[in-house]
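For reference, query-v5.cif (mmCIF, C-alpha atoms):
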data_entry
loop_
_atom_site.label_atom_id
_atom_site.label_comp_id
_atom_site.auth_asym_id
_atom_site.auth_seq_id
_atom_site.Cartn_x
_atom_site.Cartn_y
_atom_site.Cartn_z
CA MET A 1 -0.99 -70.89 -32.47
CA SER A 2 -0.72 -67.15 -31.87
CA ASP A 3 -0.38 -64.69 -34.72
CA LEU A 4 3.03 -63.51 -35.89
CA ASP A 5 4.35 -60.34 -34.23
CA PRO A 6 5.52 -58.13 -37.13
CA GLY A 7 7.34 -55.86 -34.69
CA LEU A 8 10.02 -58.51 -34.10
CA PRO A 9 13.09 -58.95 -36.33
CA TRP A 10 12.08 -61.38 -39.07
CA LEU A 11 14.03 -64.46 -37.94
CA ASP A 12 12.83 -64.09 -34.34
CA ALA A 13 9.23 -63.53 -35.41
CA LEU A 14 9.03 -66.98 -36.99
CA LYS A 15 7.66 -69.89 -34.92
CA TRP A 16 10.34 -72.54 -35.28
CA ASP A 17 9.15 -75.99 -34.21
CA GLU A 18 10.71 -78.15 -31.48
CA GLN A 19 13.35 -79.35 -33.95
CA GLY A 20 14.09 -75.79 -35.03
CA MET A 21 12.41 -76.37 -38.39
CA LEU A 22 9.81 -74.69 -40.54
CA PRO A 23 7.99 -76.19 -43.53
CA ALA A 24 8.80 -74.38 -46.78
CA ILE A 25 6.76 -74.34 -49.99
CA ALA A 26 8.48 -73.41 -53.25
CA GLN A 27 6.22 -71.89 -55.88
CA ASP A 28 7.25 -71.06 -59.43
CA ALA A 29 7.25 -67.27 -59.81
CA SER A 30 6.07 -67.36 -63.42
CA SER A 31 3.73 -70.36 -63.70
CA GLY A 32 2.39 -70.26 -60.16
CA ARG A 33 2.85 -74.02 -59.86
CA VAL A 34 3.75 -75.42 -56.47
CA LEU A 35 7.06 -77.15 -57.18
CA MET A 36 8.18 -78.76 -53.94
CA PHE A 37 7.89 -78.90 -50.18
CA ALA A 38 10.82 -79.20 -47.79
CA PHE A 39 12.10 -77.93 -44.45
CA MET A 40 14.35 -75.08 -43.41
CA ASN A 41 16.16 -74.38 -40.19
CA ARG A 42 17.45 -70.97 -39.17
CA GLN A 43 20.83 -71.50 -40.79
CA SER A 44 19.38 -72.61 -44.12
CA LEU A 45 16.93 -69.72 -44.20
CA GLU A 46 19.65 -67.17 -43.45
CA GLU A 47 21.80 -68.63 -46.21
CA THR A 48 18.81 -68.59 -48.56
CA ILE A 49 18.29 -64.88 -48.03
CA ASN A 50 21.98 -63.99 -48.09
CA SER A 51 22.71 -66.00 -51.25
CA GLY A 52 19.40 -65.44 -53.03
CA THR A 53 19.09 -69.17 -53.79
CA ALA A 54 17.07 -71.73 -51.88
CA VAL A 55 18.86 -73.74 -49.20
CA TYR A 56 16.87 -76.37 -47.31
CA TRP A 57 17.65 -78.64 -44.39
CA SER A 58 17.70 -82.29 -45.38
CA ARG A 59 16.18 -84.21 -42.50
CA SER A 60 17.20 -87.58 -43.99
CA ARG A 61 20.83 -86.53 -44.49
CA GLN A 62 20.94 -84.15 -41.51
CA ARG A 63 22.77 -81.45 -43.40
CA LEU A 64 22.23 -78.27 -45.40
CA TRP A 65 20.78 -79.04 -48.80
CA ARG A 66 21.71 -76.40 -51.32
CA LYS A 67 19.00 -77.14 -53.88
CA GLY A 68 20.65 -77.82 -57.23
CA GLU A 69 24.05 -78.68 -55.75
CA GLU A 70 24.11 -81.93 -57.76
CA SER A 71 21.50 -81.34 -60.46
CA GLY A 72 22.25 -77.69 -61.23
CA HIS A 73 18.54 -77.05 -60.76
CA ILE A 74 18.97 -74.14 -58.39
CA GLN A 75 16.10 -71.94 -57.26
CA ARG A 76 16.55 -68.16 -57.36
CA VAL A 77 14.36 -66.59 -54.71
CA GLN A 78 12.20 -63.70 -55.91
CA SER A 79 10.30 -63.13 -52.69
CA LEU A 80 9.66 -64.75 -49.35
CA ARG A 81 6.36 -64.88 -47.51
CA THR A 82 5.12 -66.35 -44.27
CA ASP A 83 1.60 -66.96 -43.02
CA CYS A 84 -0.55 -65.40 -40.30
CA ASP A 85 1.01 -67.67 -37.67
CA GLY A 86 4.56 -67.29 -38.93
CA ASP A 87 5.08 -71.05 -38.96
CA VAL A 88 5.27 -71.77 -42.70
CA LEU A 89 7.47 -70.26 -45.43
CA LEU A 90 6.39 -69.62 -49.03
CA LEU A 91 9.17 -68.96 -51.53
CA SER A 92 8.47 -67.51 -54.94
CA ILE A 93 11.31 -68.80 -57.08
CA ASP A 94 12.74 -69.04 -60.58
CA GLN A 95 13.51 -72.71 -61.20
CA ALA A 96 16.71 -73.31 -63.18
CA GLY A 97 16.15 -75.84 -65.96
CA GLY A 98 12.41 -75.82 -65.30
CA ILE A 99 12.86 -79.00 -63.26
CA ALA A 100 12.35 -79.13 -59.49
CA CYS A 101 11.82 -82.87 -59.00
CA HIS A 102 14.47 -85.59 -58.73
CA THR A 103 12.34 -87.63 -61.16
CA GLY A 104 13.07 -85.07 -63.89
CA ARG A 105 9.63 -83.45 -63.78
CA ALA A 106 8.80 -79.76 -63.46
CA SER A 107 7.11 -80.20 -60.08
CA CYS A 108 7.29 -82.81 -57.35
CA PHE A 109 3.48 -82.69 -57.25
CA PHE A 110 3.00 -84.79 -60.37
CA TYR A 111 0.65 -87.39 -58.87
CA GLN A 112 -3.04 -86.63 -59.21
CA LEU A 113 -5.78 -88.63 -57.55
CA GLN A 114 -7.93 -90.37 -60.16
CA GLY A 115 -10.44 -92.78 -58.68
CA ASP A 116 -8.65 -94.97 -56.16
CA PHE A 117 -5.11 -94.43 -57.41
CA TRP A 118 -2.43 -91.78 -57.83
CA VAL A 119 -1.65 -91.19 -61.50
CA ALA A 120 1.54 -89.51 -62.71
CA THR A 121 0.08 -86.80 -64.94
CA ASP A 122 3.20 -84.77 -65.77
CA PRO A 123 5.88 -85.70 -68.31
CA VAL A 124 9.48 -86.48 -67.41
CA LEU A 125 11.40 -83.61 -68.99
CA LYS A 126 14.85 -85.07 -68.47
CA ASP A 127 16.01 -88.56 -67.58
CA PRO A 128 17.27 -88.59 -63.96
CA GLU A 129 20.35 -90.51 -65.16
CA ASP A 130 21.20 -87.51 -67.31
CA ILE A 131 20.66 -85.17 -64.36
CA TYR A 132 22.57 -87.03 -61.67
CA GLY A 133 24.78 -89.45 -63.65
CA LYS A 134 24.46 -93.19 -63.31
CA MET B 1 12.16 -91.04 -48.07
CA SER B 2 11.28 -93.60 -50.72
CA ASP B 3 9.10 -92.74 -53.69
CA LEU B 4 5.36 -93.31 -53.63
CA ASP B 5 4.14 -96.67 -54.93
CA PRO B 6 1.32 -95.81 -57.37
CA GLY B 7 0.23 -99.46 -57.41
CA LEU B 8 -1.17 -99.17 -53.88
CA PRO B 9 -4.67 -97.90 -53.10
CA TRP B 10 -4.40 -94.14 -52.69
CA LEU B 11 -4.83 -93.87 -48.91
CA ASP B 12 -2.30 -96.65 -48.26
CA ALA B 13 0.22 -95.20 -50.72
CA LEU B 14 0.56 -92.01 -48.67
CA LYS B 15 3.36 -91.76 -46.09
CA TRP B 16 1.54 -90.73 -42.94
CA ASP B 17 3.90 -89.40 -40.26
CA GLU B 18 4.27 -90.84 -36.74
CA GLN B 19 1.21 -88.86 -35.62
CA GLY B 20 -0.78 -90.08 -38.61
CA MET B 21 -0.63 -86.66 -40.24
CA LEU B 22 0.26 -85.19 -43.60
CA PRO B 23 0.90 -81.53 -44.39
CA ALA B 24 -1.67 -80.10 -46.80
CA ILE B 25 -1.32 -77.04 -49.02
CA ALA B 26 -4.45 -75.34 -50.34
CA GLN B 27 -4.02 -73.49 -53.63
CA ASP B 28 -6.67 -71.34 -55.29
CA ALA B 29 -7.78 -73.08 -58.49
CA SER B 30 -8.31 -69.83 -60.37
CA SER B 31 -5.67 -67.40 -59.11
CA GLY B 32 -2.98 -69.98 -58.34
CA ARG B 33 -2.31 -68.30 -54.99
CA VAL B 34 -1.26 -70.48 -52.10
CA LEU B 35 -3.99 -69.81 -49.56
CA MET B 36 -3.16 -71.82 -46.46
CA PHE B 37 -1.25 -74.70 -44.96
CA ALA B 38 -2.65 -77.18 -42.46
CA PHE B 39 -2.64 -80.87 -41.57
CA MET B 40 -4.83 -83.80 -42.46
CA ASN B 41 -5.17 -87.23 -40.94
CA ARG B 42 -6.70 -90.19 -42.70
CA GLN B 43 -10.19 -89.46 -41.46
CA SER B 44 -10.11 -85.82 -42.55
CA LEU B 45 -8.73 -86.72 -45.98
CA GLU B 46 -11.40 -89.37 -46.52
CA GLU B 47 -14.10 -86.90 -45.53
CA THR B 48 -12.54 -84.29 -47.83
CA ILE B 49 -12.79 -86.61 -50.82
CA ASN B 50 -16.24 -87.94 -49.94
CA SER B 51 -17.74 -84.51 -49.29
CA GLY B 52 -15.78 -82.54 -51.90
CA THR B 53 -14.93 -79.85 -49.37
CA ALA B 54 -11.70 -79.49 -47.40
CA VAL B 55 -11.58 -81.00 -43.92
CA TYR B 56 -8.38 -80.61 -41.91
CA TRP B 57 -7.22 -81.92 -38.56
CA SER B 58 -6.77 -79.16 -36.02
CA ARG B 59 -3.72 -80.05 -33.95
CA SER B 60 -4.41 -77.29 -31.43
CA ARG B 61 -8.04 -78.35 -30.89
CA GLN B 62 -7.42 -82.07 -31.55
CA ARG B 63 -10.50 -82.47 -33.68
CA LEU B 64 -11.70 -82.43 -37.28
CA TRP B 65 -11.74 -78.94 -38.68
CA ARG B 66 -14.32 -78.57 -41.41
CA LYS B 67 -12.90 -75.46 -43.03
CA GLY B 68 -15.61 -72.79 -43.12
CA GLU B 69 -17.69 -74.37 -40.36
CA GLU B 70 -17.79 -71.01 -38.53
CA SER B 71 -16.89 -68.51 -41.23
CA GLY B 72 -18.78 -70.06 -44.14
CA HIS B 73 -15.53 -69.85 -46.10
CA ILE B 74 -15.59 -73.43 -47.28
CA GLN B 75 -13.17 -74.81 -49.84
CA ARG B 76 -14.54 -76.89 -52.72
CA VAL B 77 -11.87 -79.32 -53.86
CA GLN B 78 -11.25 -79.38 -57.61
CA SER B 79 -8.35 -81.81 -57.60
CA LEU B 80 -5.92 -83.46 -55.21
CA ARG B 81 -2.24 -84.04 -55.80
CA THR B 82 0.61 -85.53 -53.84
CA ASP B 83 4.35 -85.34 -54.38
CA CYS B 84 7.00 -87.84 -55.46
CA ASP B 85 7.38 -89.10 -51.88
CA GLY B 86 3.67 -89.18 -51.16
CA ASP B 87 4.12 -87.25 -47.93
CA VAL B 88 2.51 -83.90 -48.77
CA LEU B 89 -0.95 -83.08 -50.15
CA LEU B 90 -1.76 -80.27 -52.59
CA LEU B 91 -5.40 -79.30 -52.93
CA SER B 92 -6.65 -77.17 -55.79
CA ILE B 93 -9.71 -75.46 -54.37
CA ASP B 94 -12.42 -72.87 -54.98
CA GLN B 95 -12.45 -70.59 -51.95
CA ALA B 96 -15.92 -69.47 -50.87
CA GLY B 97 -16.02 -65.74 -50.21
CA GLY B 98 -12.52 -65.34 -51.59
CA ILE B 99 -11.21 -65.37 -48.01
CA ALA B 100 -9.11 -68.19 -46.60
CA CYS B 101 -7.49 -66.43 -43.62
CA HIS B 102 -8.99 -65.84 -40.18
CA THR B 103 -7.70 -62.25 -40.45
CA GLY B 104 -10.15 -61.63 -43.29
CA ARG B 105 -7.54 -61.74 -46.05
CA ALA B 106 -7.60 -63.78 -49.26
CA SER B 107 -4.55 -65.84 -48.26
CA CYS B 108 -2.87 -66.67 -44.97
CA PHE B 109 0.44 -65.88 -46.70
CA PHE B 110 0.02 -62.12 -46.48
CA TYR B 111 3.35 -61.33 -44.81
CA GLN B 112 6.21 -60.54 -47.18
CA LEU B 113 9.79 -60.11 -46.07
CA GLN B 114 10.95 -56.55 -46.66
CA GLY B 115 14.37 -55.81 -45.22
CA ASP B 116 14.47 -57.08 -41.64
CA PHE B 117 10.72 -57.24 -41.06
CA TRP B 118 7.57 -59.01 -42.20
CA VAL B 119 5.14 -56.57 -43.82
CA ALA B 120 1.43 -57.31 -44.27
CA THR B 121 1.06 -56.62 -47.98
CA ASP B 122 -2.50 -57.82 -48.59
CA PRO B 123 -5.70 -55.97 -47.70
CA VAL B 124 -8.23 -57.15 -45.15
CA LEU B 125 -11.31 -57.92 -47.27
CA LYS B 126 -13.70 -58.40 -44.37
CA ASP B 127 -13.44 -57.51 -40.70
CA PRO B 128 -12.95 -60.70 -38.65
CA GLU B 129 -15.64 -59.50 -36.27
CA ASP B 130 -18.08 -59.58 -39.17
CA ILE B 131 -16.91 -63.09 -40.08
CA TYR B 132 -16.93 -64.73 -36.67
CA GLY B 133 -19.08 -62.37 -34.60
CA LYS B 134 -17.70 -60.59 -31.52
#
Exercise: express the given structure as structure tokens:
Amino acid sequence: MSDLDPGLPWLDALKWDEQGMLPAIAQDASSGRVLMFAFMNRQSLEETINSGTAVYWSRSRQRLWRKGEESGHIQRVQSLRTDCDGDVLLLSIDQAGGIACHTGRASCFFYQLQGDFWVATDPVLKDPEDIYGK
Amino acid sequence: MSDLDPGLPWLDALKWDEQGMLPAIAQDASSGRVLMFAFMNRQSLEETINSGTAVYWSRSRQRLWRKGEESGHIQRVQSLRTDCDGDVLLLSIDQAGGIACHTGRASCFFYQLQGDFWVATDPVLKDPEDIYGK
């Protein structure tokens, strides 16, 4: 993978994959925790920057996924970074409600490897039924 | 994507993609900075856990990539997490030399969006020629 050309306009400089996607990492601006990982296409990234709130592309639902559209747990984007190759996005965000995960936890990365198993180490802050309704 | 089943042995619980890969995020254990993003297959993840140092799968070179094998900038793994779906890995690591990027910077995520362009905001800590030789 060749290095990003910073002389190009930002959207053209990025190395979109064959499906027109880029992986995106959302990191909490205050705690530094990595909160979630998803994908963006060009349209979702443009809307993210224009609106100031994170918009992903849902590959399972094949549509724009305005994070927080159901839960209210929107992500206000403080800054956007990319890597040396320009093929990954890193968003520094403020997480509304302090909950990024559909399980009601702060971060989606709540499983830690302990021995031969994944152990859920983080507390559920809010019951998903109270977030999404039954 | 269904949620991870924590009752399965850890390697089987993960949702490997069609190419047998998982995205992996390396985060600095002390600073909390996201340092790099790469891929792992089952073999590289097993070697990572057994050796305690990060081993990726290089898709461009189609071989195991023992991070630091040329540069000496190895990554000692402090803990390993996965997300609710079990389809992304998050490594908390100690970065040897304080340099993760082939450009000689601390993190690969050194480009920040400023207006319509990506701006390299982080200093080069060591000349790549001094890392890799000419």
Computed interatomic separation between CA of Arg63 in chain A and CA of Gly20 in chain A (Å):
13.3 Å
Here is a test: counting only C-alpha atoms, which residue of B:Gly104, B:Pro6, B:Gly133, B:Pro23 is nearest to chain A?
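So, comparing all the options, the nearest one is B:Pro6.
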Near range 36-53 of chain A, counting only C-alpha atoms, which residues have an atom at most 9 Å away, once you skip same-chain residues fewer than 6 positions from it, shown as an MDAnalysis selection string?
(chainID A and resid 11 16 19:27 59 64:67 74:78 80 89 93 100:101 107:109) or (chainID B and resid 83 88)
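Between CA of Ile99 in chain A and CA of His73 in chain A the separation is 6.5 Å.
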Answer as a ChimeraX atom specification, residues within 9 Å of (1.4, -95.1, -50.5) using only C-alpha atoms
/A:118 /B:3-16,85-87
Have a look at CA of Asp94 in chain B and CA of Ser92 in chain A and let me know their distance in Å, one decimal.
21.6 Å
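In terms of minimum interatomic distance to chain A, B:Cys84 ranks closest within B:Ile131, B:Leu91, B:Cys84, B:Ala54, counting only C-alpha atoms.
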The PyMOL selection byres ((chain B and resi 128-130) around 10) on the file shown: which residues, as a list in words?
Ser71, Cys101, His102, Thr103, Gly104, Arg105, Val124, Leu125, Lys126, Asp127, Ile131, Tyr132, Gly133 and Lys134 of chain B
Between A:Thr121, A:Thr82, A:Ser30, A:Ser2, which has the minimum distance to chain B (counting all atoms listed in the file)?
A:Thr82
